[in-house]
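Data block below; observations after.
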Amino acid sequence: NTFSMLAVIAVAIITSIYSKSRSIYYVQIVDVYSLKPFKMEIVNANVATLCNYEVMTHLQKIKDTRKKQTGQLATITYETIRYLERTPCQTYTSNNVVDCLKALEKFNITKNEKLTIINTPPTTALEIQLIVEESEERLSEKQVNEILNICAKYLNVTPKKNEEVAEEGE
């Protein structure tokens with residue numbers, strides 16, 4: 001489908017543009033305008049990953065520049081910003097993200113799990129189990145509750161009680 005192809009291209013373009021300015025890594029895109037399958041060359045993989053808030057902030061800066069984009073890049077930028085503005089990251093600040101990551105350091109969770117927590121903040125223990133691989137073995141119930149409280153404090157979400165989750169399922 002065309003929209004998912006545009007989303008893939010958007011992520012690649014965003015990563016490429018954002019990474020050049022921070023010298024993180026570079027993704028080279030070939031044949032973007034024809035929307036045919038394209039080849040990518042990853043020069044330095046997995047050096048850094050951007051959260052949705054960083055992507056949204058960077059795209060908003062691109063959108064606000066004097067030099068207006070045209071064609072597919074403008075469409076991709078617009079659609080991606082529109083999508084991200086409907087996600088929890090719209091209420092974040094840089095300090096929220098940094099403070100949340102610092103608070104999550106004490107837990108035995110990976111960078112990708114932290115990124116998922118930032119991008120889709122959990123509101124229940126079940127959501128943490130879905131985000132954190134083998135969470136029953138790696139996190140105690142107390143730690144799960146601490147993570148939920150951290151998300152509530154820094155990511156502006158309200159933890160749900162078990163009764164609320166049960167009512168939603170009915």
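Here, A, B, ... name the chains of the structure tokens in the order displayed, residue numbers run from 1 inside each chain, and ligands are numbered from 1 in the same displayed order.
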
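All residues of protein, DNA or RNA that reach within 10 Å of segment 99-102 of chain A, judged by only C-alpha atoms and not counting those fewer than 2 positions away in the chain, are Thr93, Ser94, Asn95, Asn96, Val97, Leu104, Glu105, Lys106, Lys111, Lys114, Leu115, Ile117, Ile118, Ile147, Ile150, Cys151, Ala152, Lys153, Tyr154 and Leu155 of chain A.
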
Could you write out that same residue set with all heavy atoms as a compact mmCIF listing (two decimals), in the first residue's frame?
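In the end it all went to again_16.txt:
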```
# COMPACT_ATOMS: atom_id res chain seq x y z
N THR A 93 8.38 17.16 26.42
CA THR A 93 9.43 18.17 26.25
C THR A 93 10.75 17.41 26.26
O THR A 93 10.79 16.23 26.65
CB THR A 93 9.42 19.19 27.41
OG1 THR A 93 9.76 18.51 28.62
CG2 THR A 93 8.08 19.89 27.53
N SER A 94 11.81 18.07 25.85
CA SER A 94 13.12 17.42 25.88
C SER A 94 13.47 16.96 27.29
O SER A 94 14.01 15.87 27.49
CB SER A 94 14.20 18.39 25.40
OG SER A 94 13.98 18.72 24.06
N ASN A 95 13.15 17.79 28.27
CA ASN A 95 13.44 17.44 29.67
C ASN A 95 12.66 16.21 30.10
O ASN A 95 13.20 15.37 30.84
CB ASN A 95 13.12 18.61 30.60
CG ASN A 95 14.10 19.75 30.40
OD1 ASN A 95 15.20 19.56 29.90
ND2 ASN A 95 13.69 20.94 30.81
N ASN A 96 11.38 16.08 29.65
CA ASN A 96 10.59 14.90 29.99
C ASN A 96 11.29 13.63 29.53
O ASN A 96 11.42 12.67 30.29
CB ASN A 96 9.21 14.93 29.32
CG ASN A 96 8.27 15.93 29.91
OD1 ASN A 96 7.97 16.93 29.29
ND2 ASN A 96 7.79 15.67 31.12
N VAL A 97 11.74 13.64 28.30
CA VAL A 97 12.36 12.45 27.72
C VAL A 97 13.67 12.12 28.43
O VAL A 97 13.91 10.98 28.83
CB VAL A 97 12.58 12.62 26.19
CG1 VAL A 97 13.35 11.46 25.62
CG2 VAL A 97 11.25 12.79 25.48
N LEU A 104 14.71 5.49 34.19
CA LEU A 104 14.62 4.09 33.76
C LEU A 104 15.96 3.36 33.79
O LEU A 104 16.00 2.14 33.64
CB LEU A 104 14.02 4.01 32.35
CG LEU A 104 12.55 4.39 32.20
CD1 LEU A 104 12.16 4.44 30.74
CD2 LEU A 104 11.65 3.45 32.98
N GLU A 105 17.06 4.10 33.98
CA GLU A 105 18.40 3.49 33.98
C GLU A 105 18.57 2.41 35.03
O GLU A 105 19.30 1.45 34.82
CB GLU A 105 19.48 4.56 34.16
CG GLU A 105 19.77 5.35 32.93
CD GLU A 105 20.82 6.43 33.17
OE1 GLU A 105 21.32 6.56 34.30
OE2 GLU A 105 21.12 7.15 32.20
N LYS A 106 17.90 2.56 36.16
CA LYS A 106 18.12 1.62 37.26
C LYS A 106 17.46 0.26 37.02
O LYS A 106 17.72 -0.68 37.76
CB LYS A 106 17.62 2.22 38.58
CG LYS A 106 16.13 2.45 38.65
CD LYS A 106 15.76 3.08 39.98
CE LYS A 106 14.27 3.41 40.03
NZ LYS A 106 13.92 4.01 41.30
N LYS A 111 17.91 -0.75 25.58
CA LYS A 111 17.69 0.54 24.93
C LYS A 111 16.41 0.52 24.09
O LYS A 111 15.65 1.48 24.11
CB LYS A 111 18.88 0.90 24.03
CG LYS A 111 20.13 1.26 24.75
CD LYS A 111 21.24 1.59 23.77
CE LYS A 111 22.55 1.83 24.47
NZ LYS A 111 23.63 2.14 23.53
N LYS A 114 13.43 0.72 26.31
CA LYS A 114 13.27 2.11 26.79
C LYS A 114 12.65 2.97 25.69
O LYS A 114 11.76 3.79 25.96
CB LYS A 114 14.61 2.70 27.22
CG LYS A 114 15.15 2.11 28.50
CD LYS A 114 16.52 2.68 28.81
CE LYS A 114 17.17 1.94 29.97
NZ LYS A 114 18.55 2.39 30.22
N LEU A 115 13.12 2.79 24.47
CA LEU A 115 12.57 3.55 23.34
C LEU A 115 11.09 3.26 23.17
O LEU A 115 10.29 4.18 22.97
CB LEU A 115 13.33 3.20 22.06
CG LEU A 115 12.85 3.91 20.80
CD1 LEU A 115 13.13 5.41 20.89
CD2 LEU A 115 13.52 3.31 19.57
N ILE A 117 9.04 2.26 25.49
CA ILE A 117 8.34 2.88 26.62
C ILE A 117 8.14 4.37 26.37
O ILE A 117 7.08 4.92 26.64
CB ILE A 117 9.11 2.63 27.94
CG1 ILE A 117 8.97 1.16 28.34
CG2 ILE A 117 8.62 3.55 29.06
CD1 ILE A 117 9.83 0.73 29.51
N ILE A 118 9.15 5.03 25.81
CA ILE A 118 9.02 6.46 25.51
C ILE A 118 7.98 6.68 24.41
O ILE A 118 7.14 7.57 24.50
CB ILE A 118 10.39 7.06 25.07
CG1 ILE A 118 11.42 6.97 26.19
CG2 ILE A 118 10.23 8.49 24.56
CD1 ILE A 118 11.18 7.87 27.36
N ILE A 147 7.96 1.65 37.21
CA ILE A 147 8.01 2.07 35.79
C ILE A 147 6.72 2.77 35.41
O ILE A 147 6.74 3.80 34.73
CB ILE A 147 8.31 0.86 34.87
CG1 ILE A 147 9.73 0.35 35.12
CG2 ILE A 147 8.11 1.24 33.40
CD1 ILE A 147 10.07 -0.94 34.40
N ILE A 150 6.88 6.20 36.82
CA ILE A 150 7.80 7.03 36.06
C ILE A 150 7.12 7.53 34.78
O ILE A 150 7.23 8.70 34.42
CB ILE A 150 9.09 6.25 35.74
CG1 ILE A 150 9.92 6.06 37.01
CG2 ILE A 150 9.91 6.94 34.64
CD1 ILE A 150 11.07 5.08 36.88
N CYS A 151 6.41 6.63 34.11
CA CYS A 151 5.69 7.02 32.88
C CYS A 151 4.63 8.07 33.20
O CYS A 151 4.45 9.02 32.43
CB CYS A 151 5.06 5.80 32.22
SG CYS A 151 6.25 4.66 31.50
N ALA A 152 3.94 7.90 34.31
CA ALA A 152 2.92 8.87 34.69
C ALA A 152 3.54 10.23 34.99
O ALA A 152 3.02 11.27 34.59
CB ALA A 152 2.15 8.36 35.92
N LYS A 153 4.69 10.21 35.65
CA LYS A 153 5.35 11.47 36.05
C LYS A 153 5.93 12.21 34.86
O LYS A 153 5.73 13.42 34.71
CB LYS A 153 6.46 11.16 37.06
CG LYS A 153 7.19 12.37 37.56
CD LYS A 153 8.21 12.00 38.62
CE LYS A 153 8.95 13.22 39.12
NZ LYS A 153 9.93 12.87 40.16
N TYR A 154 6.66 11.51 33.98
CA TYR A 154 7.40 12.18 32.92
C TYR A 154 6.71 12.17 31.55
O TYR A 154 6.98 13.03 30.73
CB TYR A 154 8.79 11.57 32.77
CG TYR A 154 9.64 11.72 34.01
CD1 TYR A 154 9.97 10.64 34.79
CD2 TYR A 154 10.10 12.98 34.40
CE1 TYR A 154 10.75 10.78 35.92
CE2 TYR A 154 10.86 13.13 35.53
CZ TYR A 154 11.19 12.03 36.30
OH TYR A 154 11.96 12.18 37.42
N LEU A 155 5.85 11.18 31.32
CA LEU A 155 5.28 11.03 29.98
C LEU A 155 3.78 11.35 29.93
O LEU A 155 3.11 11.06 28.95
CB LEU A 155 5.54 9.62 29.45
CG LEU A 155 7.02 9.21 29.42
CD1 LEU A 155 7.17 7.79 28.91
CD2 LEU A 155 7.84 10.18 28.57
```

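Nearest to Asn52 of chain A of all the residues A:Thr80, A:Thr158, A:Thr75, A:Thr124 is A:Thr80, counting only C-alpha atoms.
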
* To do: Name the residues in contact with Thr123 of chain A at a cut-off of 10 Å, using only C-alpha atoms, excluding same-chain residues fewer than 4 positions from it; report them as a ChimeraX atom specification.
  => /A:127-128,145,147-149,151-152,157-161,165

Grab the residues selected above and save them as a short mmCIF file (atom, residue, chain, number, x, y, z; two decimals), in the first residue's frame with all heavy atoms.
```cif
data_model
loop_
_atom_site.label_atom_id
_atom_site.label_comp_id
_atom_site.auth_asym_id
_atom_site.auth_seq_id
_atom_site.Cartn_x
_atom_site.Cartn_y
_atom_site.Cartn_z
N GLU A 127 0.90 -4.09 29.70
CA GLU A 127 1.61 -3.41 28.63
C GLU A 127 3.12 -3.48 28.84
O GLU A 127 3.89 -3.63 27.89
CB GLU A 127 1.14 -1.96 28.49
CG GLU A 127 -0.27 -1.86 27.95
CD GLU A 127 -0.82 -0.45 27.96
OE1 GLU A 127 -0.24 0.43 28.63
OE2 GLU A 127 -1.85 -0.23 27.30
N ILE A 128 3.56 -3.40 30.09
CA ILE A 128 5.00 -3.54 30.37
C ILE A 128 5.45 -4.96 30.04
O ILE A 128 6.53 -5.15 29.47
CB ILE A 128 5.32 -3.18 31.84
CG1 ILE A 128 5.12 -1.67 32.03
CG2 ILE A 128 6.74 -3.60 32.21
CD1 ILE A 128 5.35 -1.17 33.42
N ASN A 145 5.52 -1.46 38.91
CA ASN A 145 4.76 -0.31 39.41
C ASN A 145 5.59 0.97 39.38
O ASN A 145 5.08 2.05 39.09
CB ASN A 145 4.22 -0.58 40.81
CG ASN A 145 3.10 -1.60 40.79
OD1 ASN A 145 2.34 -1.67 39.82
ND2 ASN A 145 3.02 -2.41 41.83
N ILE A 147 7.96 1.65 37.21
CA ILE A 147 8.01 2.07 35.79
C ILE A 147 6.72 2.77 35.41
O ILE A 147 6.74 3.80 34.73
CB ILE A 147 8.31 0.86 34.87
CG1 ILE A 147 9.73 0.35 35.12
CG2 ILE A 147 8.11 1.24 33.40
CD1 ILE A 147 10.07 -0.94 34.40
N LEU A 148 5.58 2.23 35.86
CA LEU A 148 4.30 2.88 35.57
C LEU A 148 4.25 4.29 36.17
O LEU A 148 3.76 5.23 35.55
CB LEU A 148 3.14 2.03 36.08
CG LEU A 148 2.88 0.72 35.34
CD1 LEU A 148 1.84 -0.11 36.07
CD2 LEU A 148 2.46 1.00 33.91
N ASN A 149 4.78 4.43 37.39
CA ASN A 149 4.81 5.75 38.03
C ASN A 149 5.75 6.71 37.32
O ASN A 149 5.46 7.91 37.19
CB ASN A 149 5.19 5.61 39.51
CG ASN A 149 4.10 4.95 40.32
OD1 ASN A 149 2.92 5.04 39.98
ND2 ASN A 149 4.47 4.26 41.38
N CYS A 151 6.41 6.63 34.11
CA CYS A 151 5.69 7.02 32.88
C CYS A 151 4.63 8.07 33.20
O CYS A 151 4.45 9.02 32.43
CB CYS A 151 5.06 5.80 32.22
SG CYS A 151 6.25 4.66 31.50
N ALA A 152 3.94 7.90 34.31
CA ALA A 152 2.92 8.87 34.69
C ALA A 152 3.54 10.23 34.99
O ALA A 152 3.02 11.27 34.59
CB ALA A 152 2.15 8.36 35.92
N VAL A 157 1.00 10.17 31.27
CA VAL A 157 -0.02 9.13 31.13
C VAL A 157 -0.54 8.77 32.51
O VAL A 157 0.15 8.97 33.50
CB VAL A 157 0.50 7.86 30.41
CG1 VAL A 157 0.85 8.16 28.98
CG2 VAL A 157 1.66 7.24 31.14
N THR A 158 -1.74 8.25 32.56
CA THR A 158 -2.34 7.86 33.83
C THR A 158 -2.37 6.35 33.93
O THR A 158 -3.01 5.69 33.09
CB THR A 158 -3.79 8.41 33.92
OG1 THR A 158 -3.75 9.82 33.69
CG2 THR A 158 -4.40 8.11 35.27
N PRO A 159 -1.67 5.78 34.91
CA PRO A 159 -1.70 4.32 35.06
C PRO A 159 -3.13 3.85 35.35
O PRO A 159 -3.87 4.50 36.07
CB PRO A 159 -0.80 4.05 36.25
CG PRO A 159 0.01 5.28 36.44
CD PRO A 159 -0.81 6.41 35.91
N LYS A 160 -3.48 2.72 34.75
CA LYS A 160 -4.82 2.15 34.97
C LYS A 160 -4.73 1.07 36.03
O LYS A 160 -3.75 0.34 36.12
CB LYS A 160 -5.35 1.55 33.67
CG LYS A 160 -5.58 2.58 32.60
CD LYS A 160 -6.09 1.93 31.34
CE LYS A 160 -6.27 2.97 30.25
NZ LYS A 160 -6.67 2.34 28.98
N LYS A 161 -5.77 0.97 36.81
CA LYS A 161 -5.87 -0.08 37.81
C LYS A 161 -6.37 -1.35 37.12
O LYS A 161 -6.95 -1.31 36.05
CB LYS A 161 -6.86 0.32 38.91
CG LYS A 161 -6.52 1.63 39.59
CD LYS A 161 -5.42 1.42 40.60
CE LYS A 161 -5.21 2.70 41.38
NZ LYS A 161 -3.91 3.26 41.23
N VAL A 165 -8.86 -2.07 33.56
CA VAL A 165 -8.46 -2.89 32.42
C VAL A 165 -9.51 -3.97 32.18
O VAL A 165 -9.88 -4.25 31.05
CB VAL A 165 -7.07 -3.51 32.66
CG1 VAL A 165 -6.71 -4.47 31.54
CG2 VAL A 165 -6.02 -2.42 32.80
#
```

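Among the candidate residues A:Cys89, A:Cys51, A:Ile109, A:Leu130, the one lying nearest to Asn156 of chain A is A:Cys89, with distances computed using only C-alpha atoms.
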
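Counting only C-alpha atoms and comparing A:Asn108, A:Thr87, A:Gln60, A:Thr65, the residue that lies closest to Ser140 of chain A is A:Asn108.
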
* Asked: Taking into account only C-alpha atoms, which residue in the set A:Ile62, A:Leu139, A:Ala48, A:Val55 is nearest to Phe107 of chain A?
  -> A:Leu139

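Across A:Glu113, A:His58, A:Asn119, A:Thr91, the tightest approach to Ser135 of chain A is made by A:Glu113 when counting only C-alpha atoms.
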
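Using only C-alpha atoms, the smallest distance between any of A:Tyr83, A:Lys142, A:Leu126, A:Val132 and Asn112 of chain A comes from A:Val132.
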